[in-house]
$ cat structure.cif   # mmCIF, C-alpha atoms
data_entry
loop_
_atom_site.group_PDB
_atom_site.id
_atom_site.type_symbol
_atom_site.label_atom_id
_atom_site.label_comp_id
_atom_site.auth_asym_id
_atom_site.auth_seq_id
_atom_site.Cartn_x
_atom_site.Cartn_y
_atom_site.Cartn_z
ATOM 1 C CA MET A 550 0.000 0.000 0.000
ATOM 2 C CA SER A 551 1.509 3.420 -1.044
ATOM 3 C CA GLY A 552 2.077 6.047 1.614
ATOM 4 C CA TYR A 553 0.432 9.426 2.033
ATOM 5 C CA THR A 554 2.410 12.431 0.803
ATOM 6 C CA GLY A 555 1.934 16.126 0.229
ATOM 7 C CA SER A 556 0.561 18.991 2.242
ATOM 8 C CA LEU A 557 -2.719 18.696 4.111
ATOM 9 C CA GLN A 558 -3.759 22.164 2.934
ATOM 10 C CA THR A 559 -4.245 20.998 -0.663
ATOM 11 C CA LYS A 560 -6.142 17.781 0.068
ATOM 12 C CA LYS A 561 -9.875 17.319 -0.309
ATOM 13 C CA LYS A 562 -12.190 16.346 2.526
ATOM 14 C CA SER A 563 -12.500 12.748 1.259
ATOM 15 C CA GLU A 564 -8.704 12.420 1.191
ATOM 16 C CA LEU A 565 -8.445 13.827 4.712
ATOM 17 C CA GLN A 566 -11.104 11.359 5.882
ATOM 18 C CA ASP A 567 -9.101 8.471 4.381
ATOM 19 C CA ILE A 568 -5.976 9.651 6.226
ATOM 20 C CA ALA A 569 -7.965 10.024 9.474
ATOM 21 C CA ILE A 570 -9.284 6.468 9.156
ATOM 22 C CA ALA A 571 -5.739 5.196 8.546
ATOM 23 C CA LEU A 572 -4.564 7.054 11.684
ATOM 24 C CA GLU A 573 -7.498 5.560 13.633
ATOM 25 C CA ILE A 574 -8.942 8.939 14.633
ATOM 26 C CA ALA A 575 -12.379 10.466 14.063
ATOM 27 C CA ASP A 576 -13.162 11.344 10.435
ATOM 28 C CA THR A 577 -16.290 13.414 11.051
ATOM 29 C CA GLY A 578 -16.766 17.167 10.930
ATOM 30 C CA THR A 579 -15.797 19.836 8.454
ATOM 31 C CA ARG A 580 -12.657 19.763 6.335
ATOM 32 C CA GLU A 581 -10.859 22.211 8.649
ATOM 33 C CA GLU A 582 -11.738 20.184 11.768
ATOM 34 C CA ILE A 583 -10.446 16.941 10.222
ATOM 35 C CA GLN A 584 -7.272 18.736 9.046
ATOM 36 C CA THR A 585 -6.629 20.198 12.512
ATOM 37 C CA ARG A 586 -7.241 16.791 14.124
ATOM 38 C CA ILE A 587 -4.755 15.107 11.759
ATOM 39 C CA LYS A 588 -2.082 17.796 12.383
ATOM 40 C CA LEU A 589 -2.446 17.425 16.154
ATOM 41 C CA HIS A 590 -2.197 13.611 15.941
ATOM 42 C CA LEU A 591 0.892 13.815 13.682
ATOM 43 C CA ALA A 592 2.575 16.242 16.078
ATOM 44 C CA GLN A 593 1.856 14.105 19.143
ATOM 45 C CA ASN A 594 3.082 10.862 17.509
ATOM 46 C CA GLU A 595 5.937 12.229 15.391
ATOM 47 C CA GLY A 596 8.436 9.800 16.891
ATOM 48 C CA ASP A 597 6.581 6.747 15.527
ATOM 49 C CA LEU A 598 4.743 8.079 12.484
ATOM 50 C CA SER A 599 7.723 9.952 10.991
ATOM 51 C CA GLU A 600 9.522 6.598 10.667
ATOM 52 C CA ASP A 601 6.474 4.877 9.155
ATOM 53 C CA PRO A 602 6.779 4.800 5.326
ATOM 54 C CA LYS A 603 3.008 5.168 5.084
ATOM 55 C CA PHE A 604 2.858 8.516 6.920
ATOM 56 C CA ALA A 605 6.444 9.832 6.562
ATOM 57 C CA GLY A 606 5.460 11.868 3.479
ATOM 58 C CA LEU A 607 3.081 13.995 5.572
ATOM 59 C CA TYR A 608 6.005 15.485 7.573
ATOM 60 C CA GLY A 609 7.776 16.978 4.531
ATOM 61 C CA ARG A 610 11.558 17.479 4.484
ATOM 62 C CA ASN A 611 11.933 18.649 8.073
ATOM 63 C CA ARG A 612 11.214 15.323 9.742
ATOM 64 C CA LYS A 613 13.827 14.010 12.141
ATOM 65 C CA ARG A 614 16.256 11.404 10.948
ATOM 66 C CA SER A 615 16.812 8.412 13.146
ATOM 67 C CA VAL A 616 20.229 8.289 14.742
ATOM 68 C CA GLN A 617 21.800 4.870 14.509
ATOM 69 C CA PRO A 618 24.057 3.827 17.358
ATOM 70 C CA GLN A 619 27.761 4.092 16.482
ATOM 71 C CA THR A 620 29.871 1.023 16.934
ATOM 72 C CA VAL A 621 33.144 1.751 18.747
ATOM 73 C CA ALA A 622 35.870 -0.834 18.434
ATOM 74 C CA LEU A 623 37.719 -1.338 21.708
ATOM 75 C CA LYS A 624 41.075 -2.948 22.110
ATOM 76 C CA ASP A 625 41.087 -6.168 24.015
ATOM 77 C CA ASP A 626 44.319 -7.099 25.791
ATOM 78 C CA ASN A 627 43.451 -10.801 25.776
ATOM 79 C CA ILE A 628 43.409 -10.920 21.965
ATOM 80 C CA SER A 629 46.939 -9.457 21.589
ATOM 81 C CA MET A 630 48.520 -12.367 23.420
ATOM 82 C CA SER A 631 49.583 -15.188 21.100
ATOM 83 C CA SER A 632 49.231 -18.858 21.880
ATOM 84 C CA GLU A 633 53.044 -19.319 22.237
ATOM 85 C CA ASP A 634 53.247 -16.538 24.851
ATOM 86 C CA HIS A 635 50.311 -18.078 26.645
ATOM 87 C CA GLU A 636 51.992 -21.489 26.865
ATOM 88 C CA GLU A 637 55.302 -19.926 27.903
ATOM 89 C CA ARG A 638 53.550 -18.029 30.662
ATOM 90 C CA ILE A 639 52.072 -21.261 31.966
ATOM 91 C CA ARG A 640 55.444 -23.102 31.859
ATOM 92 C CA THR A 641 57.247 -20.343 33.751
ATOM 93 C CA THR A 642 54.763 -20.362 36.554
ATOM 94 C CA THR A 643 56.427 -21.317 39.829
ATOM 95 C CA ARG A 644 55.382 -24.754 40.893
ATOM 96 C CA ARG A 645 54.624 -24.973 44.528
ATOM 97 C CA PRO A 646 54.499 -28.277 46.392
ATOM 98 C CA PHE A 647 51.002 -29.446 47.134
ATOM 99 C CA ARG A 648 50.197 -30.500 50.652
ATOM 100 C CA PRO A 649 47.654 -33.188 51.404
ATOM 101 C CA THR A 650 44.315 -31.718 52.483
ATOM 102 C CA LEU A 651 41.844 -33.249 54.868
ATOM 103 C CA LEU A 652 38.171 -32.864 53.953
ATOM 104 C CA HIS A 653 35.197 -33.603 56.180
ATOM 105 C CA GLU A 654 32.469 -35.575 54.458
ATOM 106 C CA ASN A 655 29.657 -37.207 56.406
ATOM 107 C CA ASN A 656 31.744 -37.014 59.639
ATOM 108 C CA SER A 657 34.554 -39.050 57.995
ATOM 109 C CA MET A 658 38.036 -37.952 57.088
ATOM 110 C CA VAL A 659 38.901 -38.166 53.405
ATOM 111 C CA LYS A 660 42.544 -37.632 52.582
ATOM 112 C CA VAL A 661 43.167 -36.062 49.252
ATOM 113 C CA LEU A 662 46.421 -37.390 47.852
ATOM 114 C CA GLU A 663 46.104 -36.060 44.350
ATOM 115 C CA GLU A 664 48.621 -33.407 43.573
ATOM 116 C CA LEU A 665 47.606 -30.758 41.124
ATOM 117 C CA GLU A 666 50.121 -28.674 39.214
ATOM 118 C CA PRO A 667 49.329 -25.143 38.050
ATOM 119 C CA ALA A 668 49.985 -26.168 34.474
ATOM 120 C CA ASP A 669 47.269 -28.822 34.702
ATOM 121 C CA VAL A 670 44.550 -26.414 35.802
ATOM 122 C CA PRO A 671 42.323 -25.436 32.790
ATOM 123 C CA LEU A 672 42.194 -21.730 32.171
ATOM 124 C CA PRO A 673 38.910 -19.943 31.378
ATOM 125 C CA ALA A 674 38.131 -19.252 27.761
ATOM 126 C CA SER A 675 39.162 -15.919 26.348
ATOM 127 C CA PRO A 676 36.338 -13.388 26.498
ATOM 128 C CA MET A 677 34.621 -12.361 23.280
ATOM 129 C CA PRO A 678 35.881 -9.059 21.879
ATOM 130 C CA SER A 679 33.693 -6.112 22.858
ATOM 131 C CA ALA A 680 33.506 -4.935 19.243
ATOM 132 C CA VAL A 681 31.879 -8.220 18.209
ATOM 133 C CA ILE A 682 29.384 -7.961 21.076
ATOM 134 C CA GLN A 683 28.439 -4.384 20.168
ATOM 135 C CA ALA A 684 28.081 -5.290 16.479
ATOM 136 C CA ALA A 685 25.784 -8.203 17.322
ATOM 137 C CA ALA A 686 23.722 -6.036 19.692
ATOM 138 C CA SER A 687 23.393 -3.341 17.023
ATOM 139 C CA ALA A 688 22.240 -5.894 14.414
ATOM 140 C CA ILE A 689 19.686 -7.356 16.837
ATOM 141 C CA GLY A 690 18.400 -3.864 17.633
ATOM 142 C CA ARG A 691 17.937 -3.000 13.952
ATOM 143 C CA ASP A 692 16.112 -6.258 13.285
ATOM 144 C CA ALA A 693 13.861 -5.717 16.306
ATOM 145 C CA ASN A 694 12.991 -2.163 15.234
ATOM 146 C CA SER A 695 12.226 -3.328 11.689
ATOM 147 C CA PHE A 696 10.008 -6.113 13.019
ATOM 148 C CA VAL A 697 8.125 -3.710 15.302
ATOM 149 C CA GLN A 698 7.562 -1.260 12.432
ATOM 150 C CA LYS A 699 6.213 -4.040 10.195
ATOM 151 C CA MET A 700 3.894 -5.269 12.937
ATOM 152 C CA ARG A 701 2.544 -1.759 13.548
ATOM 153 C CA GLN A 702 1.972 -1.221 9.843
ATOM 154 C CA GLN A 703 0.204 -4.582 9.570
ATOM 155 C CA GLU A 704 -1.946 -3.701 12.586
ATOM 156 C CA ARG A 705 -2.930 -0.368 11.032
ATOM 157 C CA THR A 706 -3.772 -2.072 7.734
ATOM 158 C CA ILE A 707 -5.972 -4.679 9.438
ATOM 159 C CA SER A 708 -7.687 -1.993 11.519
ATOM 160 C CA LEU A 709 -8.325 0.139 8.416
ATOM 161 C CA GLU A 710 -9.777 -2.797 6.461
ATOM 162 C CA GLY A 711 -11.935 -3.766 9.422
ATOM 163 C CA ARG A 712 -13.346 -0.259 9.716
ATOM 164 C CA ARG A 713 -14.056 -0.158 5.992
ATOM 165 C CA LEU A 714 -15.831 -3.506 6.162
ATOM 166 C CA LEU A 715 -17.882 -2.327 9.136
ATOM 167 C CA LYS A 716 -18.793 0.892 7.328
ATOM 168 C CA ASN A 717 -19.853 -0.973 4.165
ATOM 169 C CA THR A 718 -21.950 -3.383 6.225
ATOM 170 C CA GLN A 719 -23.562 -0.468 8.033
ATOM 171 C CA ASN A 720 -24.392 1.232 4.732
ATOM 172 C CA PHE A 721 -25.900 -1.994 3.383
ATOM 173 C CA LEU A 722 -28.079 -2.638 6.427
ATOM 174 C CA SER A 723 -29.141 1.035 6.670
ATOM 175 C CA ASN A 724 -31.202 0.670 3.504
ATOM 176 C CA ALA A 725 -34.882 -0.274 3.764
ATOM 177 C CA SER A 726 -34.837 -1.985 0.352
ATOM 178 C CA ASN A 727 -31.990 -4.286 1.429
ATOM 179 C CA ILE A 728 -33.815 -5.198 4.659
ATOM 180 C CA TYR A 729 -36.944 -5.874 2.596
ATOM 181 C CA THR A 730 -34.937 -8.283 0.421
ATOM 182 C CA ILE A 731 -33.496 -10.045 3.485
ATOM 183 C CA THR A 732 -36.967 -10.630 4.932
ATOM 184 C CA LEU A 733 -38.135 -12.094 1.590
ATOM 185 C CA ILE A 734 -35.216 -14.533 1.574
ATOM 186 C CA PHE A 735 -36.087 -15.443 5.163
ATOM 187 C CA GLU A 736 -39.683 -16.301 4.228
ATOM 188 C CA LEU A 737 -38.626 -18.288 1.145
ATOM 189 C CA THR A 738 -36.153 -20.316 3.193
ATOM 190 C CA LEU A 739 -38.775 -21.216 5.793
ATOM 191 C CA MET A 740 -41.343 -22.118 3.138
ATOM 192 C CA PHE A 741 -39.064 -24.375 1.088
ATOM 193 C CA TRP A 742 -37.723 -25.989 4.250
ATOM 194 C CA THR A 743 -41.327 -27.002 5.026
ATOM 195 C CA ILE A 744 -42.586 -28.140 1.617
ATOM 196 C CA VAL A 745 -39.501 -29.723 0.010
ATOM 197 C CA PRO A 746 -39.144 -33.443 0.845
ATOM 198 C CA PHE A 747 -35.724 -34.662 1.980
ATOM 199 C CA ALA A 748 -33.944 -37.938 1.285
ATOM 200 C CA VAL A 749 -31.352 -39.583 3.525
ATOM 201 C CA TYR A 750 -27.996 -40.863 2.328
ATOM 202 C CA SER A 751 -26.247 -43.222 4.748
ATOM 203 C CA VAL A 752 -22.471 -43.659 4.923
ATOM 204 C CA GLU A 753 -21.093 -46.620 6.850
ATOM 205 C CA ARG A 754 -18.072 -45.937 9.029
ATOM 206 C CA GLU A 755 -16.155 -47.832 11.669
ATOM 207 C CA SER A 756 -17.678 -45.727 14.438
ATOM 208 C CA GLY A 757 -21.202 -46.067 13.064
ATOM 209 C CA VAL A 758 -23.513 -44.956 10.276
ATOM 210 C CA LEU A 759 -23.445 -41.319 9.138
ATOM 211 C CA SER A 760 -26.787 -40.059 7.774
ATOM 212 C CA ILE A 761 -26.801 -37.078 5.405
ATOM 213 C CA SER A 762 -30.093 -35.385 4.515
ATOM 214 C CA TYR A 763 -30.505 -33.624 1.173
ATOM 215 C CA PRO A 764 -33.518 -32.184 -0.704
ATOM 216 C CA LYS A 765 -35.034 -34.190 -3.525
ATOM 217 C CA LEU A 766 -34.458 -32.246 -6.727
ATOM 218 C CA SER A 767 -37.144 -34.248 -8.489
ATOM 219 C CA TYR A 768 -39.739 -32.329 -6.452
ATOM 220 C CA PHE A 769 -38.959 -29.126 -8.374
ATOM 221 C CA ARG A 770 -39.846 -30.835 -11.670
ATOM 222 C CA SER A 771 -43.469 -30.996 -10.536
ATOM 223 C CA ALA A 772 -45.949 -28.108 -10.641
ATOM 224 C CA GLU A 773 -46.669 -28.038 -6.896
ATOM 225 C CA PRO A 774 -43.691 -25.895 -5.703
ATOM 226 C CA TRP A 775 -44.262 -23.325 -8.461
ATOM 227 C CA LYS A 776 -47.926 -22.996 -7.562
ATOM 228 C CA LEU A 777 -47.028 -22.360 -3.942
ATOM 229 C CA LEU A 778 -44.380 -19.849 -5.020
ATOM 230 C CA ALA A 779 -46.972 -17.944 -7.105
ATOM 231 C CA ARG A 780 -49.476 -17.904 -4.228
ATOM 232 C CA TRP A 781 -46.755 -16.623 -1.892
ATOM 233 C CA SER A 782 -45.535 -13.941 -4.352
ATOM 234 C CA LEU A 783 -48.960 -12.398 -4.932
ATOM 235 C CA PRO A 784 -49.541 -10.967 -1.406
ATOM 236 C CA THR A 785 -45.822 -10.616 -0.584
ATOM 237 C CA LEU A 786 -44.354 -9.103 -3.758
ATOM 238 C CA VAL A 787 -46.889 -8.200 -6.427
ATOM 239 C CA VAL A 788 -49.551 -6.322 -4.456
ATOM 240 C CA PRO A 789 -47.125 -4.365 -2.151
ATOM 241 C CA GLN A 790 -44.882 -3.341 -5.068
ATOM 242 C CA LEU A 791 -47.886 -2.241 -7.145
ATOM 243 C CA CYS A 792 -49.272 -0.156 -4.304
ATOM 244 C CA GLY A 793 -45.812 1.314 -3.628
ATOM 245 C CA ALA A 794 -45.604 2.473 -7.237
ATOM 246 C CA LEU A 795 -49.074 4.061 -7.166
ATOM 247 C CA ILE A 796 -49.110 5.494 -3.630
ATOM 248 C CA SER A 797 -46.068 7.538 -2.598
ATOM 249 C CA PHE A 798 -45.574 10.080 0.189
ATOM 250 C CA ASN A 799 -42.072 11.134 -0.858
ATOM 251 C CA THR A 800 -41.281 14.340 -2.714
ATOM 252 C CA SER A 801 -39.685 12.351 -5.550
ATOM 253 C CA ARG A 802 -42.473 10.414 -7.243
ATOM 254 C CA GLY A 803 -40.287 8.358 -9.569
ATOM 255 C CA ASP A 804 -39.336 5.489 -7.231
ATOM 256 C CA ILE A 805 -41.388 2.958 -5.325
ATOM 257 C CA ASP A 806 -42.226 4.145 -1.818
ATOM 258 C CA PRO A 807 -40.809 1.596 0.694
ATOM 259 C CA VAL A 808 -43.188 2.807 3.426
ATOM 260 C CA THR A 809 -46.232 1.997 1.288
ATOM 261 C CA VAL A 810 -44.720 -1.371 0.374
ATOM 262 C CA GLY A 811 -44.219 -2.214 4.048
ATOM 263 C CA ILE A 812 -47.753 -1.185 5.019
ATOM 264 C CA MET A 813 -49.388 -3.225 2.261
ATOM 265 C CA ARG A 814 -47.210 -6.245 2.978
ATOM 266 C CA VAL A 815 -48.278 -6.230 6.633
ATOM 267 C CA ALA A 816 -51.899 -5.906 5.584
ATOM 268 C CA CYS A 817 -51.654 -8.811 3.147
ATOM 269 C CA SER A 818 -49.902 -10.965 5.746
ATOM 270 C CA VAL A 819 -52.661 -10.397 8.274
ATOM 271 C CA ALA A 820 -55.319 -11.497 5.762
ATOM 272 C CA HIS A 821 -55.511 -15.310 6.214
ATOM 273 C CA LYS A 822 -58.122 -16.030 3.560
ATOM 274 C CA TRP A 823 -55.806 -15.753 0.580
ATOM 275 C CA GLY A 824 -52.212 -16.546 -0.231
ATOM 276 C CA ILE A 825 -50.472 -19.588 1.260
ATOM 277 C CA GLN A 826 -51.846 -21.441 4.258
ATOM 278 C CA ASN A 827 -50.334 -21.803 7.704
ATOM 279 C CA ASP A 828 -49.301 -25.402 7.064
ATOM 280 C CA VAL A 829 -46.904 -24.128 4.386
ATOM 281 C CA LEU A 830 -45.677 -20.960 6.121
ATOM 282 C CA ASP A 831 -46.973 -19.913 9.529
ATOM 283 C CA SER A 832 -48.677 -16.523 9.539
ATOM 284 C CA ARG A 833 -46.653 -15.461 12.566
ATOM 285 C CA TRP A 834 -43.436 -15.599 10.541
ATOM 286 C CA ARG A 835 -45.045 -13.682 7.666
ATOM 287 C CA ILE A 836 -46.356 -10.944 9.973
ATOM 288 C CA LEU A 837 -42.977 -10.751 11.757
ATOM 289 C CA SER A 838 -40.914 -10.329 8.583
ATOM 290 C CA ALA A 839 -43.413 -7.857 7.092
ATOM 291 C CA SER A 840 -43.457 -5.796 10.297
ATOM 292 C CA VAL A 841 -39.661 -5.658 10.446
ATOM 293 C CA GLY A 842 -39.501 -4.426 6.843
ATOM 294 C CA ALA A 843 -42.187 -1.797 7.441
ATOM 295 C CA ALA A 844 -40.566 -0.558 10.670
ATOM 296 C CA PHE A 845 -37.190 -0.014 9.025
ATOM 297 C CA ALA A 846 -38.881 1.699 6.075
ATOM 298 C CA PHE A 847 -40.521 4.142 8.528
ATOM 299 C CA ALA A 848 -37.157 4.709 10.248
ATOM 300 C CA GLU A 849 -35.468 5.443 6.931
ATOM 301 C CA ALA A 850 -38.204 7.902 5.922
ATOM 302 C CA ILE A 851 -37.988 9.752 9.254
ATOM 303 C CA GLY A 852 -34.197 9.954 9.047
ATOM 304 C CA ALA A 853 -34.288 11.249 5.472
ATOM 305 C CA LYS A 854 -36.824 13.906 6.481
ATOM 306 C CA LYS A 855 -34.687 15.151 9.364
ATOM 307 C CA GLN A 856 -31.583 15.184 7.166
ATOM 308 C CA SER A 857 -33.358 17.258 4.512
ATOM 309 C CA GLN A 858 -34.468 19.784 7.129
ATOM 310 C CA ILE A 859 -30.895 20.182 8.378
ATOM 311 C CA VAL A 860 -29.315 20.545 4.943
ATOM 312 C CA ALA A 861 -32.006 22.680 3.263
ATOM 313 C CA PRO A 862 -31.839 26.451 4.076
ATOM 314 C CA PRO A 863 -34.973 28.101 5.545
ATOM 315 C CA ALA A 864 -37.443 29.656 3.139
ATOM 316 C CA ALA A 865 -37.728 33.445 2.712
ATOM 317 C CA GLY A 866 -41.097 33.618 4.478
ATOM 318 C CA GLU A 867 -39.883 31.549 7.451
ATOM 319 C CA GLU A 868 -36.707 33.664 7.788
ATOM 320 C CA ALA A 869 -38.769 36.887 7.870
ATOM 321 C CA THR A 870 -40.971 35.583 10.659
#
$ encode --input "structure.cif" --output "structure tokens"
Amino acid sequence: MSGYTGSLQTKKKSELQDIAIALEIADTGTREEIQTRIKLHLAQNEGDLSEDPKFAGLYGRNRKRSVQPQTVALKDDNISMSSEDHEERIRTTTRRPFRPTLLHENNSMVKVLEELEPADVPLPASPMPSAVIQAAASAIGRDANSFVQKMRQQERTISLEGRRLLKNTQNFLSNASNIYTITLIFELTLMFWTIVPFAVYSVERESGVLSISYPKLSYFRSAEPWKLLARWSLPTLVVPQLCGALISFNTSRGDIDPVTVGIMRVACSVAHKWGIQNDVLDSRWRILSASVGAAFAFAEAIGAKKQSQIVAPPAAGEEAT
């Protein structure tokens, strides 16, 4: 994903909202409010965001450069000594006679008769040069910083995609027509689950017999399911859509009024004398789905009315009064 560059002064409101979502801050308000909020967040988190390739372009040329630790090579006295000098130093060591030592162990006297010479004592290994240690520590630090930056960028990307998915889902479910479609699919699923016969396929296993149920496709070759579908569509689809096209309470008369569709669908669901019977689809489920669709259609109409009153300026007569 490419990073954000350029000055915030020249960016549009939609671009500033995209940057605000990427920074995980609020993206509401006017263009100036979003711009001020982004500047404040960039100033407070300059240490982290100025090193992020995604947001480094928003700081311009004056952003701070990271100072890498300098590696200082130190002289180690143990390295300058050669192996010949080391062996000569051991051979010239004065050998002192070893006296037997008495040790107490479990209230018994153990006489140690082994005589150890200084040349036989193993010397500790030479310490690692400090320059090598500092170089390794510097490499580990760079790798750790790079890993942390990648993890933060991945976290921001996942958070941004999650917020976009949530926003798209909210926009989809905040539409009365989409909710109307969902309730229709709900009724169709319940109806076909009731009328379609199922067959059972058995699979023998060592632990027992596994039974798998599946619908008989041969049932759809008969005329019965299509008759039921037509009887269900008449009060659920045809009549409400026709009334919604003829009766509209919106200012724009071109589209079908979802409020009228919801009202007529509830009315047709309450009427038990026509349409499908309760043994095919219970009237309670039909009334429930129709009521949900009508309620959300009313909510959408009320919200659109309030939004139009906020956006539209007052008329000349109302302003004079």
$ closest_residue --input "structure.cif" --among "A:Ala779, A:Lys765, A:Ser723, A:Ala816" --to "A:Ala853" --atoms "all atoms listed in the file"
A:Ser723
$ atom_distance --input "structure.cif" --atom1 "atom CA of A:Ile859" --atom2 "atom CA of A:Arg586"
24.6 Å
$ closest_residue --input "structure.cif" --among "A:Glu849, A:Trp775, A:Leu598, A:Ala820" --to "A:Asp806" --atoms "only C-alpha atoms"
A:Glu849
$ closest_residue --input "structure.cif" --among "A:Gly852, A:Pro774, A:Gly609, A:Gly811" --to "A:Ser840" --atoms "all atoms listed in the file"
A:Gly811
$ closest_residue --input "structure.cif" --among "A:Leu733, A:Leu557, A:Leu795, A:Val745" --to "A:Leu837" --atoms "only C-alpha atoms"
A:Leu733
$ atom_distance --input "structure.cif" --atom1 "atom CA of A:Ser708" --atom2 "atom CA of A:Ser563"
18.6 Å
$ residues_around --input "structure.cif" --residues "stretch 553-555 of chain A" --least-positions-apart "4" --cutoff "12 Å" --atoms "only C-alpha atoms" --output "PyMOL selection string"
chain A and resi 559-561+564-565+567-569+571-572+598-599+601-610
$ atom_distance --input "structure.cif" --atom1 "atom CA of A:Ile734" --atom2 "atom CA of A:Gln790"
16.2 Å
$ residues_around --input "structure.cif" --residues "A:Cys792" --least-positions-apart "4" --cutoff "9 Å" --atoms "only C-alpha atoms" --output "list in words"
Val787, Val788, Ile796, Ser797, Ile805, Asp806, Thr809, Val810 and Met813 of chain A
$ closest_residue --input "structure.cif" --among "A:Leu791, A:Leu709, A:Ala725, A:Leu715" --to "A:Gln566" --atoms "only C-alpha atoms"
A:Leu709
$ residues_around --input "structure.cif" --residues "A:Thr732" --least-positions-apart "4" --cutoff "8 Å" --atoms "all atoms listed in the file" --output "list of chain:residue names"
A:Ile728, A:Glu736, A:Ser838, A:Ala839, A:Val841, A:Gly842
$ closest_residue --input "structure.cif" --among "A:Arg780, A:Arg814, A:Lys854, A:Arg701" --to "A:Leu830" --atoms "all atoms listed in the file"
A:Arg780
